[in-house]
>>> print(open('structure04.pdb').read())   # PDB, C-alpha atoms and all ligand atoms
ATOM      1  CA  VAL A   6     -14.073 -27.012 -14.588
ATOM      2  CA  HIS A   7     -12.429 -25.096 -11.756
ATOM      3  CA  ALA A   8     -13.711 -21.739 -10.618
ATOM      4  CA  ALA A   9     -11.018 -19.124 -11.118
ATOM      5  CA  ARG A  10      -8.837 -18.434  -8.126
ATOM      6  CA  LYS A  11      -9.398 -15.000  -6.683
ATOM      7  CA  GLY A  12      -7.049 -12.782  -4.688
ATOM      8  CA  PHE A  13      -8.415  -9.807  -2.806
ATOM      9  CA  VAL A  14      -5.831  -7.170  -1.952
ATOM     10  CA  LEU A  15      -7.369  -4.849   0.631
ATOM     11  CA  THR A  16      -6.023  -1.348   1.262
ATOM     12  CA  PHE A  17      -6.280   0.688   4.459
ATOM     13  CA  HIS A  18      -4.997   4.159   5.376
ATOM     14  CA  SER A  19      -3.886   4.392   9.008
ATOM     15  CA  GLN A  20      -4.231   8.192   8.913
ATOM     16  CA  ASN A  21      -7.987   7.667   8.532
ATOM     17  CA  VAL A  22      -8.893   8.091  12.185
ATOM     18  CA  THR A  23     -11.840   9.803  13.779
ATOM     19  CA  GLY A  24     -11.346  13.547  13.923
ATOM     20  CA  TYR A  25      -9.765  14.082  10.553
ATOM     21  CA  GLU A  26     -11.851  15.960   8.054
ATOM     22  CA  HIS A  27     -11.612  13.349   5.306
ATOM     23  CA  ALA A  28     -11.853  10.237   7.483
ATOM     24  CA  ALA A  29     -15.272   8.826   6.630
ATOM     25  CA  LEU A  30     -14.357   5.665   8.537
ATOM     26  CA  ASP A  31     -11.813   4.824  11.200
ATOM     27  CA  ASP A  32      -9.544   2.451   9.281
ATOM     28  CA  HIS A  33      -8.170   0.973  12.542
ATOM     29  CA  VAL A  34     -11.658  -0.209  13.479
ATOM     30  CA  ALA A  35     -12.201  -1.307   9.885
ATOM     31  CA  LEU A  36      -8.984  -3.375   9.814
ATOM     32  CA  ASP A  37      -9.905  -5.125  13.054
ATOM     33  CA  GLU A  38     -13.460  -5.855  11.825
ATOM     34  CA  SER A  39     -12.134  -7.046   8.466
ATOM     35  CA  LEU A  40      -9.775  -9.517  10.159
ATOM     36  CA  ASN A  41     -12.645 -10.801  12.314
ATOM     37  CA  LEU A  42     -14.679 -11.340   9.152
ATOM     38  CA  LEU A  43     -11.811 -13.114   7.348
ATOM     39  CA  ALA A  44     -11.416 -15.480  10.318
ATOM     40  CA  ALA A  45     -15.161 -16.180  10.325
ATOM     41  CA  LEU A  46     -15.062 -16.908   6.586
ATOM     42  CA  GLY A  47     -11.919 -19.030   6.967
ATOM     43  CA  MET A  48     -10.230 -16.954   4.292
ATOM     44  CA  PRO A  49      -6.419 -17.044   4.482
ATOM     45  CA  VAL A  50      -4.345 -13.848   4.668
ATOM     46  CA  LEU A  51      -1.130 -14.155   2.634
ATOM     47  CA  ARG A  52       1.912 -11.924   2.608
ATOM     48  CA  LEU A  53       1.701  -9.818  -0.520
ATOM     49  CA  VAL A  54       5.221 -10.804  -1.667
ATOM     50  CA  ASP A  55       4.301 -14.473  -1.256
ATOM     51  CA  ALA A  56       1.113 -14.073  -3.293
ATOM     52  CA  VAL A  57       3.138 -12.285  -5.995
ATOM     53  CA  HIS A  58       5.684 -15.097  -5.952
ATOM     54  CA  TYR A  59       2.966 -17.740  -6.417
ATOM     55  CA  LEU A  60       1.241 -15.705  -9.137
ATOM     56  CA  ARG A  61       4.543 -15.623 -11.028
ATOM     57  CA  GLU A  62       5.881 -19.112 -10.383
ATOM     58  CA  SER A  63       3.072 -21.494  -9.441
ATOM     59  CA  PRO A  64      -0.434 -20.008  -9.385
ATOM     60  CA  ASP A  65      -1.853 -23.512  -8.803
ATOM     61  CA  LYS A  66      -0.485 -23.397  -5.264
ATOM     62  CA  LEU A  67      -2.627 -20.375  -4.316
ATOM     63  CA  PRO A  68      -5.794 -21.003  -2.296
ATOM     64  CA  ALA A  69      -9.096 -20.700  -4.177
ATOM     65  CA  ARG A  70      -9.698 -17.391  -2.408
ATOM     66  CA  TYR A  71      -7.143 -15.439  -0.469
ATOM     67  CA  VAL A  72      -6.603 -11.968   0.923
ATOM     68  CA  CYS A  73      -3.564  -9.687   1.218
ATOM     69  CA  LEU A  74      -3.503  -6.571   3.387
ATOM     70  CA  THR A  75      -1.841  -3.339   2.288
ATOM     71  CA  PHE A  76      -1.472   0.066   3.922
ATOM     72  CA  ASP A  77      -0.838   3.247   1.948
ATOM     73  CA  ASP A  78       1.331   6.294   2.635
ATOM     74  CA  GLY A  79       3.202   4.948   5.665
ATOM     75  CA  THR A  80       2.101   7.195   8.494
ATOM     76  CA  ASP A  81       3.400   6.251  11.955
ATOM     77  CA  PHE A  82      -0.080   4.923  12.812
ATOM     78  CA  ASP A  83       0.908   1.831  10.787
ATOM     79  CA  TRP A  84       3.474   0.899  13.390
ATOM     80  CA  ARG A  85       3.204   2.697  16.719
ATOM     81  CA  LEU A  86       0.710   4.215  19.124
ATOM     82  CA  VAL A  87       0.019   7.802  18.165
ATOM     83  CA  LYS A  88      -2.429  10.365  19.479
ATOM     84  CA  GLY A  89      -5.051  11.348  16.917
ATOM     85  CA  PRO A  90      -6.249  14.890  16.234
ATOM     86  CA  THR A  91      -8.785  14.788  19.053
ATOM     87  CA  GLY A  92      -6.218  13.433  21.536
ATOM     88  CA  GLN A  93      -7.342   9.803  21.624
ATOM     89  CA  ILE A  94      -4.859   6.945  21.262
ATOM     90  CA  HIS A  95      -5.316   4.596  18.297
ATOM     91  CA  GLU A  96      -4.121   1.007  18.231
ATOM     92  CA  PRO A  97      -1.560   0.829  15.418
ATOM     93  CA  PHE A  98      -2.051  -1.535  12.471
ATOM     94  CA  SER A  99       0.975  -3.564  13.663
ATOM     95  CA  SER A 100      -0.714  -4.409  16.946
ATOM     96  CA  ILE A 101      -4.028  -5.268  15.248
ATOM     97  CA  LEU A 102      -2.126  -7.606  12.904
ATOM     98  CA  LYS A 103      -0.339  -9.220  15.824
ATOM     99  CA  ARG A 104      -3.610  -9.951  17.661
ATOM    100  CA  HIS A 105      -4.961 -11.609  14.523
ATOM    101  CA  GLU A 106      -1.677 -13.348  13.606
ATOM    102  CA  ALA A 107      -1.769 -11.643  10.201
ATOM    103  CA  THR A 108       0.730  -9.736   8.077
ATOM    104  CA  GLY A 109       0.489  -6.648   5.883
ATOM    105  CA  THR A 110       2.543  -4.441   3.578
ATOM    106  CA  SER A 111       3.052  -0.699   4.105
ATOM    107  CA  PHE A 112       3.647   1.328   0.961
ATOM    108  CA  VAL A 113       5.787   4.250   2.103
ATOM    109  CA  VAL A 114       6.849   7.496   0.436
ATOM    110  CA  ALA A 115      10.620   7.623   0.055
ATOM    111  CA  SER A 116      11.641  11.294   0.008
ATOM    112  CA  PRO A 117      12.061  12.721   3.533
ATOM    113  CA  GLU A 118      11.411  16.249   2.228
ATOM    114  CA  ALA A 119       8.202  15.112   0.522
ATOM    115  CA  ARG A 120       7.036  13.344   3.677
ATOM    116  CA  GLU A 121       7.659  16.447   5.728
ATOM    117  CA  ASP A 122       5.714  18.613   3.263
ATOM    118  CA  ILE A 123       2.830  16.129   3.080
ATOM    119  CA  MET A 124       2.492  15.607   6.831
ATOM    120  CA  ARG A 125       2.582  19.281   7.854
ATOM    121  CA  PRO A 126      -1.229  19.728   7.628
ATOM    122  CA  LEU A 127      -1.770  16.256   9.157
ATOM    123  CA  GLN A 128      -0.156  17.070  12.521
ATOM    124  CA  PRO A 129       0.274  15.399  14.940
ATOM    125  CA  VAL A 130       0.609  12.440  12.558
ATOM    126  CA  GLN A 131       4.131  11.815  11.264
ATOM    127  CA  MET A 132       5.463   9.923   8.275
ATOM    128  CA  SER A 133       8.716   8.871   9.936
ATOM    129  CA  GLU A 134      11.190   6.350   8.578
ATOM    130  CA  ASP A 135      12.627   5.232  11.913
ATOM    131  CA  TRP A 136      10.138   2.321  12.170
ATOM    132  CA  TRP A 137      10.656   0.851   8.675
ATOM    133  CA  HIS A 138      13.514  -1.424   9.682
ATOM    134  CA  ASP A 139      11.800  -2.714  12.837
ATOM    135  CA  ALA A 140       8.601  -3.327  10.864
ATOM    136  CA  GLN A 141      10.401  -5.249   8.113
ATOM    137  CA  GLN A 142      12.310  -7.339  10.666
ATOM    138  CA  SER A 143       9.170  -8.023  12.745
ATOM    139  CA  GLY A 144       7.525 -10.215  10.120
ATOM    140  CA  LEU A 145       4.298  -8.259  10.731
ATOM    141  CA  ILE A 146       4.713  -5.523   8.140
ATOM    142  CA  ASP A 147       6.749  -5.570   4.926
ATOM    143  CA  ILE A 148       7.833  -2.200   3.583
ATOM    144  CA  GLY A 149       6.837  -1.508  -0.021
ATOM    145  CA  VAL A 150       7.361   1.465  -2.334
ATOM    146  CA  HIS A 151       4.826   4.256  -2.948
ATOM    147  CA  GLY A 152       7.075   6.408  -5.141
ATOM    148  CA  TRP A 153       9.582   9.142  -4.387
ATOM    149  CA  ASP A 154       7.226  12.032  -3.622
ATOM    150  CA  HIS A 155       3.640  10.785  -4.279
ATOM    151  CA  VAL A 156       3.474  13.647  -6.856
ATOM    152  CA  HIS A 157       1.694  15.338  -3.974
ATOM    153  CA  PRO A 158       0.502  18.956  -4.274
ATOM    154  CA  SER A 159       2.041  19.889  -0.891
ATOM    155  CA  VAL A 160       5.530  18.856  -2.010
ATOM    156  CA  THR A 161       7.709  21.916  -2.656
ATOM    157  CA  ALA A 162       9.867  20.114  -5.251
ATOM    158  CA  MET A 163       6.748  19.442  -7.381
ATOM    159  CA  ARG A 164       6.803  23.128  -8.402
ATOM    160  CA  SER A 165       9.414  22.198 -11.006
ATOM    161  CA  THR A 166       7.059  19.625 -12.613
ATOM    162  CA  PRO A 167       3.575  21.150 -12.143
ATOM    163  CA  ASP A 168       1.958  18.987 -14.845
ATOM    164  CA  LEU A 169       2.709  15.881 -12.760
ATOM    165  CA  ILE A 170       1.002  17.125  -9.568
ATOM    166  CA  GLU A 171      -1.618  14.496  -8.581
ATOM    167  CA  ARG A 172      -1.085  12.929 -12.046
ATOM    168  CA  PHE A 173       1.152   9.896 -11.538
ATOM    169  CA  ASP A 174      -0.292   8.522 -14.795
ATOM    170  CA  ARG A 175       1.707  11.236 -16.585
ATOM    171  CA  VAL A 176       5.041   9.803 -15.398
ATOM    172  CA  ALA A 177       6.403   8.998 -18.844
ATOM    173  CA  SER A 178      10.138   9.606 -18.978
ATOM    174  CA  ARG A 179      13.197   7.634 -17.997
ATOM    175  CA  GLU A 180      14.262  10.536 -15.785
ATOM    176  CA  GLN A 181      10.974  10.395 -13.843
ATOM    177  CA  ALA A 182      11.142   6.583 -13.640
ATOM    178  CA  LEU A 183      14.639   6.770 -12.158
ATOM    179  CA  LEU A 184      13.286   9.116  -9.475
ATOM    180  CA  GLN A 185       9.949   7.427  -8.693
ATOM    181  CA  ILE A 186      11.246   3.824  -8.889
ATOM    182  CA  ASP A 187      15.036   3.486  -8.633
ATOM    183  CA  LYS A 188      15.803   6.343  -6.265
ATOM    184  CA  ALA A 189      12.780   5.438  -4.133
ATOM    185  CA  VAL A 190      13.760   1.727  -4.020
ATOM    186  CA  ASP A 191      17.364   2.603  -3.112
ATOM    187  CA  TYR A 192      16.302   4.953  -0.334
ATOM    188  CA  ILE A 193      13.738   2.592   1.185
ATOM    189  CA  ALA A 194      15.798  -0.611   0.833
ATOM    190  CA  THR A 195      18.796   1.029   2.507
ATOM    191  CA  ARG A 196      16.709   1.959   5.555
ATOM    192  CA  ALA A 197      14.197  -0.881   5.792
ATOM    193  CA  GLY A 198      16.760  -3.597   5.076
ATOM    194  CA  PRO A 199      16.676  -7.045   3.446
ATOM    195  CA  GLY A 200      13.331  -8.140   2.035
ATOM    196  CA  SER A 201      11.942  -4.609   1.720
ATOM    197  CA  ALA A 202      11.079  -2.530  -1.367
ATOM    198  CA  ARG A 203       9.966  -5.462  -3.591
ATOM    199  CA  VAL A 204       6.443  -4.253  -4.441
ATOM    200  CA  PHE A 205       5.129  -0.917  -5.723
ATOM    201  CA  ALA A 206       1.784   0.878  -5.300
ATOM    202  CA  TYR A 207       0.927   3.628  -7.781
ATOM    203  CA  PRO A 208       0.259   6.934  -5.961
ATOM    204  CA  TYR A 209      -3.496   7.723  -6.148
ATOM    205  CA  GLY A 210      -3.824   4.347  -7.875
ATOM    206  CA  GLN A 211      -2.917   6.131 -11.129
ATOM    207  CA  VAL A 212      -1.122   3.766 -13.505
ATOM    208  CA  SER A 213       1.722   5.187 -15.562
ATOM    209  CA  ASP A 214       1.571   3.262 -18.839
ATOM    210  CA  PHE A 215       5.258   4.025 -19.383
ATOM    211  CA  LEU A 216       6.159   2.313 -16.100
ATOM    212  CA  ALA A 217       3.690  -0.560 -16.501
ATOM    213  CA  ASP A 218       4.386  -1.324 -20.158
ATOM    214  CA  SER A 219       8.070  -0.471 -20.546
ATOM    215  CA  TYR A 220      10.075   0.425 -17.484
ATOM    216  CA  LEU A 221       8.961  -2.055 -14.797
ATOM    217  CA  PRO A 222       8.971  -5.168 -17.049
ATOM    218  CA  ALA A 223      12.624  -4.404 -17.891
ATOM    219  CA  GLN A 224      13.900  -4.382 -14.292
ATOM    220  CA  ASP A 225      13.929  -7.034 -11.549
ATOM    221  CA  ARG A 226      13.958  -5.166  -8.242
ATOM    222  CA  ILE A 227      10.219  -4.472  -8.095
ATOM    223  CA  LEU A 228       8.252  -7.728  -8.526
ATOM    224  CA  ALA A 229       4.745  -6.323  -9.056
ATOM    225  CA  ALA A 230       2.832  -3.031  -9.085
ATOM    226  CA  PHE A 231      -0.619  -2.328  -7.671
ATOM    227  CA  THR A 232      -3.526  -0.121  -8.726
ATOM    228  CA  THR A 233      -6.812   0.586  -6.926
ATOM    229  CA  ALA A 234      -9.044  -0.845  -9.641
ATOM    230  CA  GLY A 235     -11.484  -2.502  -7.215
ATOM    231  CA  VAL A 236     -11.541  -6.036  -8.655
ATOM    232  CA  ALA A 237     -10.039  -9.356  -7.572
ATOM    233  CA  ILE A 238      -6.726 -10.670  -8.866
ATOM    234  CA  GLU A 239      -7.112 -13.613 -11.216
ATOM    235  CA  GLU A 240      -4.540 -15.775 -12.920
ATOM    236  CA  GLY A 241      -2.909 -14.272 -15.974
ATOM    237  CA  MET A 242      -3.430 -10.645 -14.974
ATOM    238  CA  ASP A 243      -0.768  -8.045 -15.824
ATOM    239  CA  ARG A 244       1.774  -8.127 -12.985
ATOM    240  CA  TRP A 245       2.326  -4.362 -13.366
ATOM    241  CA  ARG A 246      -1.363  -3.525 -12.942
ATOM    242  CA  LEU A 247      -2.594  -5.785 -10.142
ATOM    243  CA  PRO A 248      -5.834  -4.433  -8.649
ATOM    244  CA  ARG A 249      -6.652  -3.603  -5.028
ATOM    245  CA  PHE A 250      -9.787  -2.666  -3.097
ATOM    246  CA  VAL A 251      -9.736   0.456  -0.899
ATOM    247  CA  CYS A 252     -11.509   0.645   2.466
ATOM    248  CA  GLY A 253     -14.028   3.505   2.535
ATOM    249  CA  TRP A 254     -14.312   3.434  -1.251
ATOM    250  CA  HIS A 255     -14.943  -0.129  -2.437
ATOM    251  CA  TRP A 256     -16.472  -1.209   0.866
ATOM    252  CA  ARG A 257     -17.677   0.700   3.898
ATOM    253  CA  SER A 258     -18.827  -1.988   6.330
ATOM    254  CA  PRO A 259     -18.083  -5.633   7.187
ATOM    255  CA  ASP A 260     -21.307  -6.542   5.363
ATOM    256  CA  GLU A 261     -20.149  -4.856   2.167
ATOM    257  CA  LEU A 262     -16.745  -6.521   2.500
ATOM    258  CA  ARG A 263     -18.403  -9.926   2.930
ATOM    259  CA  LYS A 264     -20.388  -9.410  -0.296
ATOM    260  CA  LEU A 265     -17.248  -8.346  -2.116
ATOM    261  CA  LEU A 266     -15.238 -11.371  -0.920
ATOM    262  CA  LEU A 267     -17.982 -13.893  -1.718
ATOM    263  CA  ASP A 268     -18.819 -12.420  -5.142
TER     264      ASP A 268
HETATM  265 ZN    ZN B   1      -1.064   7.216  -1.377
END
>>> encode(input="structure04.pdb", output="structure tokens")
Amino acid sequence: VHAARKGFVLTFHSQNVTGYEHAALDDHVALDESLNLLAALGMPVLRLVDAVHYLRESPDKLPARYVCLTFDDGTDFDWRLVKGPTGQIHEPFSSILKRHEATGTSFVVASPEAREDIMRPLQPVQMSEDWWHDAQQSGLIDIGVHGWDHVHPSVTAMRSTPDLIERFDRVASREQALLQIDKAVDYIATRAGPGSARVFAYPYGQVSDFLADSYLPAQDRILAAFTTAGVAIEEGMDRWRLPRFVCGWHWRSPDELRKLLLD
């Protein structure tokens, strides 16, 4: 009897840096410490699209335990040196990955108007799109899809659909699916280039049953969709509801991460 293979998809937010009100941890420090731990445990880090490919085509080829790294919301801290709110410089996720010879996936918000509305209170952090193409070409960071507008309360256009604000689970129409999936994929793929926009992360981790049960299974541009359910991926799981762990929520120290990975 074989123990079930387990995949741990870890999620970091590069805007979580010291000095921001809601940053309980510095996710740049956490990413570096997590990669040190993974090396010590000898646990391989796979590209998310590769893990998805194996899950679909040949799960037997996956290691017994493996990790994928994902980054949500696509602030510039994912890619380039930026000054934080207290003026200090933070090493971007791309450079941390490079030091550790690892790869990750950034789930970015497509709409430029939404990004501008969302980032206004986060100044000086930006959610630019000018780095997507370089990141995708670098082999360090793949660009994934985090919806059109993150159904974020700061987004002006959300005033026309107030019942959807911070409720991505309520996305339940073809019209909304065309916006949150197709329009977002088109926008991101055009800018980030070949290989981008193949995986989706539900904003706030909120699964839309309409997307997961009906819309996504009937298309072939997005290969898998990710929640924040806080459990490991095992063979046979629903490809449109693959779980992730979130730094600062499901683990808050290297010790807690170790326990989670060895569970
Ligand atoms: Zn998000």
>>> closest_residue(input="structure04.pdb", among="A:Ile123, A:Ile193, A:Ile148, A:Val204", to="ligand ZN 1 (chain B)", atoms="only C-alpha atoms and all ligand atoms")
A:Ile123
>>> residues_near_ligand(input="structure04.pdb", ligand="ligand ZN 1 (chain B)", cutoff="6 Å", atoms="only C-alpha atoms and all ligand atoms", output="ChimeraX atom specification")
/A:77-78,208-209
>>> write_last_selection(input="structure04.pdb", atoms="C-alpha atoms", output="PDB file, in the frame of the given file")
ATOM      1  CA  ASP A  77      -0.838   3.247   1.948  1.00  0.00           C
ATOM      2  CA  ASP A  78       1.331   6.294   2.635  1.00  0.00           C
ATOM      3  CA  PRO A 208       0.259   6.934  -5.961  1.00  0.00           C
ATOM      4  CA  TYR A 209      -3.496   7.723  -6.148  1.00  0.00           C
TER       5      TYR A 209
END
>>> residues_around(input="structure04.pdb", residues="Val34 (chain A)", least_positions_apart="2", cutoff="12 Å", atoms="all atoms listed in the file", output="list in words")
Phe17, His18, Ser19, Asn21, Val22, Thr23, Ala29, Leu30, Asp31, Asp32, Leu36, Asp37, Glu38, Ser39, Leu40, Asn41, His95, Glu96, Pro97, Phe98, Ile101, Cys252, Gly253, Arg257, Ser258 and Pro259 of chain A
>>> write_last_selection(input="structure04.pdb", atoms="C-alpha atoms", output="short mmCIF file (atom, residue, chain, number, x, y, z; two decimals), keeping the file's coordinate frame")
data_model
loop_
_atom_site.label_atom_id
_atom_site.label_comp_id
_atom_site.auth_asym_id
_atom_site.auth_seq_id
_atom_site.Cartn_x
_atom_site.Cartn_y
_atom_site.Cartn_z
CA PHE A 17 -6.28 0.69 4.46
CA HIS A 18 -5.00 4.16 5.38
CA SER A 19 -3.89 4.39 9.01
CA ASN A 21 -7.99 7.67 8.53
CA VAL A 22 -8.89 8.09 12.18
CA THR A 23 -11.84 9.80 13.78
CA ALA A 29 -15.27 8.83 6.63
CA LEU A 30 -14.36 5.66 8.54
CA ASP A 31 -11.81 4.82 11.20
CA ASP A 32 -9.54 2.45 9.28
CA LEU A 36 -8.98 -3.38 9.81
CA ASP A 37 -9.90 -5.12 13.05
CA GLU A 38 -13.46 -5.86 11.82
CA SER A 39 -12.13 -7.05 8.47
CA LEU A 40 -9.78 -9.52 10.16
CA ASN A 41 -12.64 -10.80 12.31
CA HIS A 95 -5.32 4.60 18.30
CA GLU A 96 -4.12 1.01 18.23
CA PRO A 97 -1.56 0.83 15.42
CA PHE A 98 -2.05 -1.54 12.47
CA ILE A 101 -4.03 -5.27 15.25
CA CYS A 252 -11.51 0.64 2.47
CA GLY A 253 -14.03 3.50 2.54
CA ARG A 257 -17.68 0.70 3.90
CA SER A 258 -18.83 -1.99 6.33
CA PRO A 259 -18.08 -5.63 7.19
#
>>> closest_residue(input="structure04.pdb", among="A:Tyr59, A:Glu171, A:Trp84, A:Val176", to="Arg244 (chain A)", atoms="all atoms listed in the file")
A:Tyr59
>>> atom_distance(input="structure04.pdb", atom1="CA of Glu180 (chain A)", atom2="CA of Phe231 (chain A)")
21.3 Å
>>> atom_distance(input="structure04.pdb", atom1="CA of Thr75 (chain A)", atom2="CA of Gly200 (chain A)")
15.9 Å
>>> residues_around(input="structure04.pdb", residues="Lys66 (chain A)", least_positions_apart="3", cutoff="12 Å", atoms="all atoms listed in the file", output="PDB file with C-alpha atoms, in the coordinates of the input")
ATOM      1  CA  ARG A  10      -8.837 -18.434  -8.126  1.00  0.00           C
ATOM      2  CA  ASP A  55       4.301 -14.473  -1.256  1.00  0.00           C
ATOM      3  CA  ALA A  56       1.113 -14.073  -3.293  1.00  0.00           C
ATOM      4  CA  VAL A  57       3.138 -12.285  -5.995  1.00  0.00           C
ATOM      5  CA  HIS A  58       5.684 -15.097  -5.952  1.00  0.00           C
ATOM      6  CA  TYR A  59       2.966 -17.740  -6.417  1.00  0.00           C
ATOM      7  CA  LEU A  60       1.241 -15.705  -9.137  1.00  0.00           C
ATOM      8  CA  ARG A  61       4.543 -15.623 -11.028  1.00  0.00           C
ATOM      9  CA  GLU A  62       5.881 -19.112 -10.383  1.00  0.00           C
ATOM     10  CA  SER A  63       3.072 -21.494  -9.441  1.00  0.00           C
ATOM     11  CA  ALA A  69      -9.096 -20.700  -4.177  1.00  0.00           C
ATOM     12  CA  ARG A  70      -9.698 -17.391  -2.408  1.00  0.00           C
ATOM     13  CA  TYR A  71      -7.143 -15.439  -0.469  1.00  0.00           C
ATOM     14  CA  GLU A 240      -4.540 -15.775 -12.920  1.00  0.00           C
TER      15      GLU A 240
END
>>> atom_distance(input="structure04.pdb", atom1="CA of Arg246 (chain A)", atom2="CA of Ile146 (chain A)")
22.0 Å
>>> closest_residue(input="structure04.pdb", among="A:Phe173, A:His255, A:Ala182, A:Ala234", to="Leu221 (chain A)", atoms="all atoms listed in the file")
A:Ala182
>>> residues_around(input="structure04.pdb", residues="Pro90 (chain A)", least_positions_apart="2", cutoff="9 Å", atoms="only C-alpha atoms", output="PyMOL selection string")
chain A and resi 22-25+88+92-93+127-130
>>> closest_residue(input="structure04.pdb", among="A:Trp153, A:Tyr220, A:Trp136, A:Phe76", to="Val251 (chain A)", atoms="only C-alpha atoms")
A:Phe76
>>> residues_near_point(input="structure04.pdb", point="(3.9, 17.1, -1.9)", cutoff="6 Å", atoms="only C-alpha atoms", output="list in words")
Ala119, Asp122, Ile123, His157, Pro158, Ser159 and Val160 of chain A
>>> residues_around(input="structure04.pdb", residues="Ile170 (chain A)", least_positions_apart="2", cutoff="7 Å", atoms="all atoms listed in the file", output="short mmCIF file (atom, residue, chain, number, x, y, z; two decimals) with C-alpha atoms, in the frame of the given file")
data_model
loop_
_atom_site.label_atom_id
_atom_site.label_comp_id
_atom_site.auth_asym_id
_atom_site.auth_seq_id
_atom_site.Cartn_x
_atom_site.Cartn_y
_atom_site.Cartn_z
CA VAL A 156 3.47 13.65 -6.86
CA HIS A 157 1.69 15.34 -3.97
CA PRO A 158 0.50 18.96 -4.27
CA MET A 163 6.75 19.44 -7.38
CA PRO A 167 3.58 21.15 -12.14
CA ASP A 168 1.96 18.99 -14.84
CA ARG A 172 -1.08 12.93 -12.05
#
>>> build_atoms(input="structure04.pdb", residues="region 186-191 of chain A", atoms="all heavy atoms", output="PDB file, in the frame of the given file")
ATOM      1  N   ILE A 186      10.990   5.251  -9.145  1.00  0.00           N
ATOM      2  CA  ILE A 186      11.246   3.824  -8.889  1.00  0.00           C
ATOM      3  C   ILE A 186      12.642   3.628  -8.281  1.00  0.00           C
ATOM      4  O   ILE A 186      12.772   3.299  -7.107  1.00  0.00           O
ATOM      5  CB  ILE A 186      11.109   2.981 -10.182  1.00  0.00           C
ATOM      6  CG1 ILE A 186       9.720   3.167 -10.820  1.00  0.00           C
ATOM      7  CG2 ILE A 186      11.387   1.500  -9.878  1.00  0.00           C
ATOM      8  CD1 ILE A 186       8.558   2.595 -10.041  1.00  0.00           C
ATOM      9  N   ASP A 187      13.682   3.860  -9.074  1.00  0.00           N
ATOM     10  CA  ASP A 187      15.036   3.486  -8.633  1.00  0.00           C
ATOM     11  C   ASP A 187      15.494   4.234  -7.387  1.00  0.00           C
ATOM     12  O   ASP A 187      15.983   3.618  -6.430  1.00  0.00           O
ATOM     13  CB  ASP A 187      16.033   3.720  -9.771  1.00  0.00           C
ATOM     14  CG  ASP A 187      15.754   2.819 -10.952  1.00  0.00           C
ATOM     15  OD1 ASP A 187      14.606   2.867 -11.455  1.00  0.00           O
ATOM     16  OD2 ASP A 187      16.635   2.069 -11.377  1.00  0.00           O
ATOM     17  N   LYS A 188      15.355   5.568  -7.414  1.00  0.00           N
ATOM     18  CA  LYS A 188      15.803   6.343  -6.265  1.00  0.00           C
ATOM     19  C   LYS A 188      14.966   6.000  -5.031  1.00  0.00           C
ATOM     20  O   LYS A 188      15.484   5.898  -3.918  1.00  0.00           O
ATOM     21  CB  LYS A 188      15.731   7.842  -6.579  1.00  0.00           C
ATOM     22  CG  LYS A 188      16.454   8.704  -5.569  1.00  0.00           C
ATOM     23  CD  LYS A 188      16.501  10.162  -6.013  1.00  0.00           C
ATOM     24  CE  LYS A 188      17.131  11.029  -4.926  1.00  0.00           C
ATOM     25  NZ  LYS A 188      17.080  12.469  -5.261  1.00  0.00           N
ATOM     26  N   ALA A 189      13.671   5.791  -5.243  1.00  0.00           N
ATOM     27  CA  ALA A 189      12.780   5.438  -4.133  1.00  0.00           C
ATOM     28  C   ALA A 189      13.140   4.058  -3.572  1.00  0.00           C
ATOM     29  O   ALA A 189      13.236   3.869  -2.354  1.00  0.00           O
ATOM     30  CB  ALA A 189      11.325   5.471  -4.596  1.00  0.00           C
ATOM     31  N   VAL A 190      13.388   3.078  -4.458  1.00  0.00           N
ATOM     32  CA  VAL A 190      13.760   1.727  -4.020  1.00  0.00           C
ATOM     33  C   VAL A 190      15.082   1.769  -3.253  1.00  0.00           C
ATOM     34  O   VAL A 190      15.205   1.178  -2.171  1.00  0.00           O
ATOM     35  CB  VAL A 190      13.858   0.759  -5.225  1.00  0.00           C
ATOM     36  CG1 VAL A 190      14.509  -0.561  -4.815  1.00  0.00           C
ATOM     37  CG2 VAL A 190      12.477   0.497  -5.816  1.00  0.00           C
ATOM     38  N   ASP A 191      16.059   2.491  -3.788  1.00  0.00           N
ATOM     39  CA  ASP A 191      17.364   2.603  -3.112  1.00  0.00           C
ATOM     40  C   ASP A 191      17.198   3.169  -1.705  1.00  0.00           C
ATOM     41  O   ASP A 191      17.744   2.632  -0.732  1.00  0.00           O
ATOM     42  CB  ASP A 191      18.299   3.545  -3.893  1.00  0.00           C
ATOM     43  CG  ASP A 191      18.834   2.902  -5.165  1.00  0.00           C
ATOM     44  OD1 ASP A 191      18.767   1.665  -5.274  1.00  0.00           O
ATOM     45  OD2 ASP A 191      19.311   3.650  -6.033  1.00  0.00           O
TER      46      ASP A 191
END
